[in-house]
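**Q** Here you go, one structure.
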Amino acid sequence: MDIYQYEDYRQYLHDRFKEKSSGSSFSWRKFSREAGIANPGYMNDVIKGKRRLSRDAASKVVRYLSLPPHEVDYFNLLVALAHARKIPEKDRIYKKIAARRSRSAFAQMNPALVKYYQDYRYPLVRCALMAEGCHGNPSHVAKFCRPQLSVSAVKRILKDLLVWGLVKIDGNGRYSVTDKFITPSPKLGALVRQMNREWIRQAGDSLETLGPEERHIASMLLCVSSKLRDKIRKRIESFRSEIWDLVKNDKQKADCIMLLNTQFIPKSQKRD
């Protein structure tokens, strides 16, 4: 079980638990006892998110699981990421996680999963190749993207996408996308959240860099019942599916790239 495919230490411990309990009567109570943790219900509470994994308990867990030093360091980073409260701190820790992962066997076997979602330029360049008039030429792609990219960066990205099978090249040296696409594992949730934060940040920047005729950004502060909140959430998902169907069934050739962010988040505490 490769720890480097995980970004949530609770999910990793849960899967290790399932691995150990396969075909036996293993329990979290037994896990705690054998790891040297006095409270028998402690690990169960940790996995359910009711408690944090303390530094002392973490050292006992990694010793019990016989993790080598480099995996111990990675596990401790996962714990720190889960417990970090501020976004800058999470970003700082995640950069360390990405650096550790990039040197692992997981990165060598799954470079697309590791790199594609770490850098917004990969999906941006791939999407640009679908647009009419881009011609699959690195210099055209660089100028077409917003923010504009350097030609050298586009060449490097195209080389990676080619290796991963996400783009192809014809006899004239022009690139185009393939039907193949990658989907991140649910275990890589932090990776996707990092990408989402970048797209949201760029959307915010567009308020200053784009005129109102080029963008549509609107905010609504709503006071609703819990029942209506859930209904709105379902309508948003239905809307996203409808937009995706419109894109897939568009008979016209694409000539621009648009970013659609949908945000529906609580701005108050929950009422009992």
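Chain labels A, B, ... are given in the sequence in which chains occur in the structure tokens; within each chain residues are numbered consecutively from 1, and ligands are likewise numbered from 1 in the order shown.
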Can you tell me which residues surround stretch 248-265 of chain A at a distance of at most 9 Å, considering only C-alpha atoms, apart from same-chain residues fewer than 2 positions away, and format the answer as a PyMOL selection string?
**A** chain A and resi 124+127-128+130-134+144-146+196+199-200+203+232-233+236+240+243-246+267
**Q** Kindly save the residues from that selection, with C-alpha atoms included, as a PDB file, in the first residue's frame.
**A**
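See out.pdb below for the written result:
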```
ATOM      1  CA  LEU A 124      -5.233  25.270 -19.734  1.00  0.00           C
ATOM      2  CA  CYS A 127      -7.984  23.041 -23.481  1.00  0.00           C
ATOM      3  CA  ALA A 128      -6.347  25.608 -25.789  1.00  0.00           C
ATOM      4  CA  MET A 130      -9.281  22.298 -28.736  1.00  0.00           C
ATOM      5  CA  ALA A 131      -9.896  25.886 -29.857  1.00  0.00           C
ATOM      6  CA  GLU A 132     -10.160  26.836 -33.520  1.00  0.00           C
ATOM      7  CA  GLY A 133      -7.351  29.083 -34.728  1.00  0.00           C
ATOM      8  CA  CYS A 134      -4.818  27.857 -32.167  1.00  0.00           C
ATOM      9  CA  PHE A 144      -3.908  32.398 -26.876  1.00  0.00           C
ATOM     10  CA  CYS A 145      -3.933  31.508 -23.160  1.00  0.00           C
ATOM     11  CA  ARG A 146      -4.907  33.986 -20.465  1.00  0.00           C
ATOM     12  CA  ASN A 196      -9.770  24.881  -7.340  1.00  0.00           C
ATOM     13  CA  TRP A 199      -9.083  28.911 -10.448  1.00  0.00           C
ATOM     14  CA  ILE A 200     -11.054  30.872  -7.838  1.00  0.00           C
ATOM     15  CA  ALA A 203     -11.632  34.517 -11.198  1.00  0.00           C
ATOM     16  CA  ILE A 232     -30.460  24.797  -4.301  1.00  0.00           C
ATOM     17  CA  ARG A 233     -27.386  22.562  -4.070  1.00  0.00           C
ATOM     18  CA  ILE A 236     -26.576  23.748  -8.989  1.00  0.00           C
ATOM     19  CA  ARG A 240     -23.440  21.977 -14.047  1.00  0.00           C
ATOM     20  CA  ILE A 243     -23.713  23.113 -19.066  1.00  0.00           C
ATOM     21  CA  TRP A 244     -21.478  20.097 -19.622  1.00  0.00           C
ATOM     22  CA  ASP A 245     -24.051  18.588 -22.017  1.00  0.00           C
ATOM     23  CA  LEU A 246     -24.229  21.893 -23.918  1.00  0.00           C
ATOM     24  CA  LYS A 267     -21.642  32.411   5.616  1.00  0.00           C
TER      25      LYS A 267
END
```
**Q** DSSP says alpha helix (DSSP H) for which residues of stretch 46-271 of chain A? Put them as a ChimeraX atom specification?
**A** /A:46-47,55-64,69-83,87-102,105-109,111-116,121-128,138-144,151-163,189-209,226-248
**Q** Generate the output file for the selected residues, C-alpha atoms, as a compact mmCIF listing (two decimals), in the first residue's frame.
**A**
```
# COMPACT_ATOMS: atom_id res chain seq x y z
CA VAL A 46 -9.47 9.92 15.17
CA ILE A 47 -10.60 8.07 12.04
CA ARG A 55 2.21 13.91 18.09
CA ASP A 56 2.74 11.15 20.66
CA ALA A 57 0.02 8.94 19.15
CA ALA A 58 1.38 9.57 15.63
CA SER A 59 4.84 8.35 16.66
CA LYS A 60 3.30 5.18 18.15
CA VAL A 61 1.20 4.56 15.03
CA VAL A 62 4.08 4.86 12.55
CA ARG A 63 6.24 2.65 14.75
CA TYR A 64 3.46 0.07 14.93
CA PRO A 69 11.86 7.11 7.86
CA HIS A 70 10.88 8.75 4.54
CA GLU A 71 7.28 7.48 4.90
CA VAL A 72 7.20 8.65 8.52
CA ASP A 73 8.09 12.16 7.35
CA TYR A 74 5.37 12.02 4.69
CA PHE A 75 2.79 10.75 7.19
CA ASN A 76 3.63 13.58 9.60
CA LEU A 77 3.13 16.08 6.76
CA LEU A 78 -0.32 14.59 6.09
CA VAL A 79 -1.21 15.02 9.76
CA ALA A 80 0.05 18.61 9.72
CA LEU A 81 -1.97 19.34 6.54
CA ALA A 82 -5.18 18.00 8.08
CA HIS A 83 -4.70 20.02 11.26
CA ILE A 87 -4.78 28.62 3.88
CA PRO A 88 -1.17 29.94 3.66
CA GLU A 89 -0.09 27.29 6.15
CA LYS A 90 -1.92 24.56 4.21
CA ASP A 91 -0.28 25.73 0.97
CA ARG A 92 3.15 25.68 2.58
CA ILE A 93 2.67 22.15 3.88
CA TYR A 94 1.17 20.95 0.61
CA LYS A 95 4.24 22.17 -1.30
CA LYS A 96 6.34 19.93 0.94
CA ILE A 97 3.96 17.03 0.29
CA ALA A 98 4.19 17.61 -3.47
CA ALA A 99 8.00 17.72 -3.26
CA ARG A 100 8.13 14.44 -1.31
CA ARG A 101 5.66 12.79 -3.65
CA SER A 102 7.54 13.90 -6.78
CA ALA A 105 7.78 5.63 -6.93
CA PHE A 106 4.15 6.77 -7.08
CA ALA A 107 5.21 9.88 -9.01
CA GLN A 108 7.32 7.82 -11.40
CA MET A 109 4.41 5.48 -12.10
CA PRO A 111 3.29 11.40 -13.45
CA ALA A 112 0.06 12.64 -15.01
CA LEU A 113 -1.85 12.37 -11.72
CA VAL A 114 0.94 14.06 -9.79
CA LYS A 115 1.80 16.92 -12.13
CA TYR A 116 -1.38 17.59 -14.15
CA ARG A 121 -1.21 25.46 -17.02
CA TYR A 122 -1.52 21.78 -17.97
CA PRO A 123 -5.33 21.73 -18.29
CA LEU A 124 -5.23 25.27 -19.73
CA VAL A 125 -2.84 24.29 -22.54
CA ARG A 126 -4.74 21.08 -23.23
CA CYS A 127 -7.98 23.04 -23.48
CA ALA A 128 -6.35 25.61 -25.79
CA PRO A 138 3.40 26.33 -29.17
CA SER A 139 3.73 30.06 -29.92
CA HIS A 140 0.05 30.33 -30.85
CA VAL A 141 -0.96 28.43 -27.72
CA ALA A 142 1.20 30.68 -25.53
CA LYS A 143 -0.41 33.86 -26.87
CA PHE A 144 -3.91 32.40 -26.88
CA VAL A 151 6.62 29.60 -25.34
CA SER A 152 9.25 27.58 -23.45
CA ALA A 153 6.69 26.67 -20.75
CA VAL A 154 4.14 25.59 -23.38
CA LYS A 155 6.75 23.41 -25.12
CA ARG A 156 7.59 21.69 -21.84
CA ILE A 157 3.90 21.17 -21.01
CA LEU A 158 3.15 19.79 -24.48
CA LYS A 159 6.05 17.37 -24.13
CA ASP A 160 4.61 16.05 -20.86
CA LEU A 161 1.07 15.84 -22.23
CA LEU A 162 2.42 13.92 -25.22
CA VAL A 163 4.19 11.42 -22.96
CA GLY A 189 -8.63 15.55 -2.63
CA ALA A 190 -6.05 18.11 -1.48
CA LEU A 191 -4.58 18.15 -4.97
CA VAL A 192 -7.95 19.05 -6.50
CA ARG A 193 -8.67 21.63 -3.79
CA GLN A 194 -5.34 23.28 -4.56
CA MET A 195 -6.32 23.54 -8.23
CA ASN A 196 -9.77 24.88 -7.34
CA ARG A 197 -8.21 27.59 -5.16
CA GLU A 198 -6.07 28.68 -8.11
CA TRP A 199 -9.08 28.91 -10.45
CA ILE A 200 -11.05 30.87 -7.84
CA ARG A 201 -8.13 33.24 -7.32
CA GLN A 202 -7.89 33.89 -11.06
CA ALA A 203 -11.63 34.52 -11.20
CA GLY A 204 -11.21 37.16 -8.50
CA ASP A 205 -8.34 38.78 -10.39
CA SER A 206 -10.54 39.10 -13.47
CA LEU A 207 -12.60 41.77 -11.68
CA GLU A 208 -9.64 44.09 -12.16
CA THR A 209 -8.20 42.76 -15.43
CA SER A 226 -31.85 24.11 5.46
CA LYS A 227 -34.38 22.37 3.24
CA LEU A 228 -34.13 25.06 0.54
CA ARG A 229 -30.32 25.07 0.87
CA ASP A 230 -30.23 21.38 -0.08
CA LYS A 231 -32.66 21.99 -2.93
CA ILE A 232 -30.46 24.80 -4.30
CA ARG A 233 -27.39 22.56 -4.07
CA LYS A 234 -29.15 19.93 -6.19
CA ARG A 235 -30.20 22.59 -8.71
CA ILE A 236 -26.58 23.75 -8.99
CA GLU A 237 -25.43 20.18 -9.72
CA SER A 238 -28.19 19.87 -12.31
CA PHE A 239 -27.07 23.17 -13.85
CA ARG A 240 -23.44 21.98 -14.05
CA SER A 241 -24.56 18.81 -15.81
CA GLU A 242 -26.68 20.85 -18.22
CA ILE A 243 -23.71 23.11 -19.07
CA TRP A 244 -21.48 20.10 -19.62
CA ASP A 245 -24.05 18.59 -22.02
CA LEU A 246 -24.23 21.89 -23.92
CA VAL A 247 -20.44 21.87 -24.34
CA LYS A 248 -20.34 18.23 -25.46
```
**Q** Taking the DSSP secondary structure from the backbone, can you list the residues of stretch 131-199 of chain A that are strand (DSSP E), as a list in words?
**A**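 Here is the list: Val167, Lys168, Ile169, Tyr175, Ser176 and Val177 of chain A.
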**Q** With only C-alpha atoms as the atoms that count, which of A:Ala35, A:Leu166, A:Leu188, A:Ala218 lies nearest to A:Tyr9?
**A** A:Leu188
**Q** Set the distance at 8 Å and use only C-alpha atoms: which residues neighbour A:Lys30 once local chain neighbours fewer than 4 positions away are removed? I'd like the list as a list in words.
**A**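 Neighbouring residues, sequence-local ones excluded: Phe26, Glu34 and Pro40 of chain A.
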**Q** Write out the residues from the selection above, keeping C-alpha atoms, as a short mmCIF file (atom, residue, chain, number, x, y, z; two decimals), in the first residue's frame.
**A**
```cif
data_model
loop_
_atom_site.label_atom_id
_atom_site.label_comp_id
_atom_site.auth_asym_id
_atom_site.auth_seq_id
_atom_site.Cartn_x
_atom_site.Cartn_y
_atom_site.Cartn_z
CA PHE A 26 -9.16 -6.99 13.96
CA GLU A 34 -1.04 -3.09 19.98
CA PRO A 40 -9.10 1.96 23.48
#
```
**Q** Can you tell me which residues surround A:Gln11 at a distance of at most 8 Å, considering only C-alpha atoms, apart from same-chain residues fewer than 3 positions away, and format the answer as a list in words?
**A**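 Once the nearby chain positions are removed, what remains is Tyr6, Asp8, His14, Asp15, Ile47 and Lys187 of chain A.
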**Q** To one decimal place in Å, what is the distance between atom CA of A:Gly41 and atom CA of A:Lys18?
**A**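 According to the coordinates, atom CA of A:Gly41 and atom CA of A:Lys18 are separated by 17.0 Å.
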**Q** Report the distance between atom CA of A:Ala84 and atom CA of A:Ser185 in Å, rounded to one decimal place.
**A**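 Taking atom CA of A:Ala84 as the start and atom CA of A:Ser185 as the end point, the length is 22.3 Å.
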**Q** Quick one, how far is atom CA of A:Ser66 from atom CA of A:Arg85?
**A**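 These atoms are spaced 29.3 Å apart.
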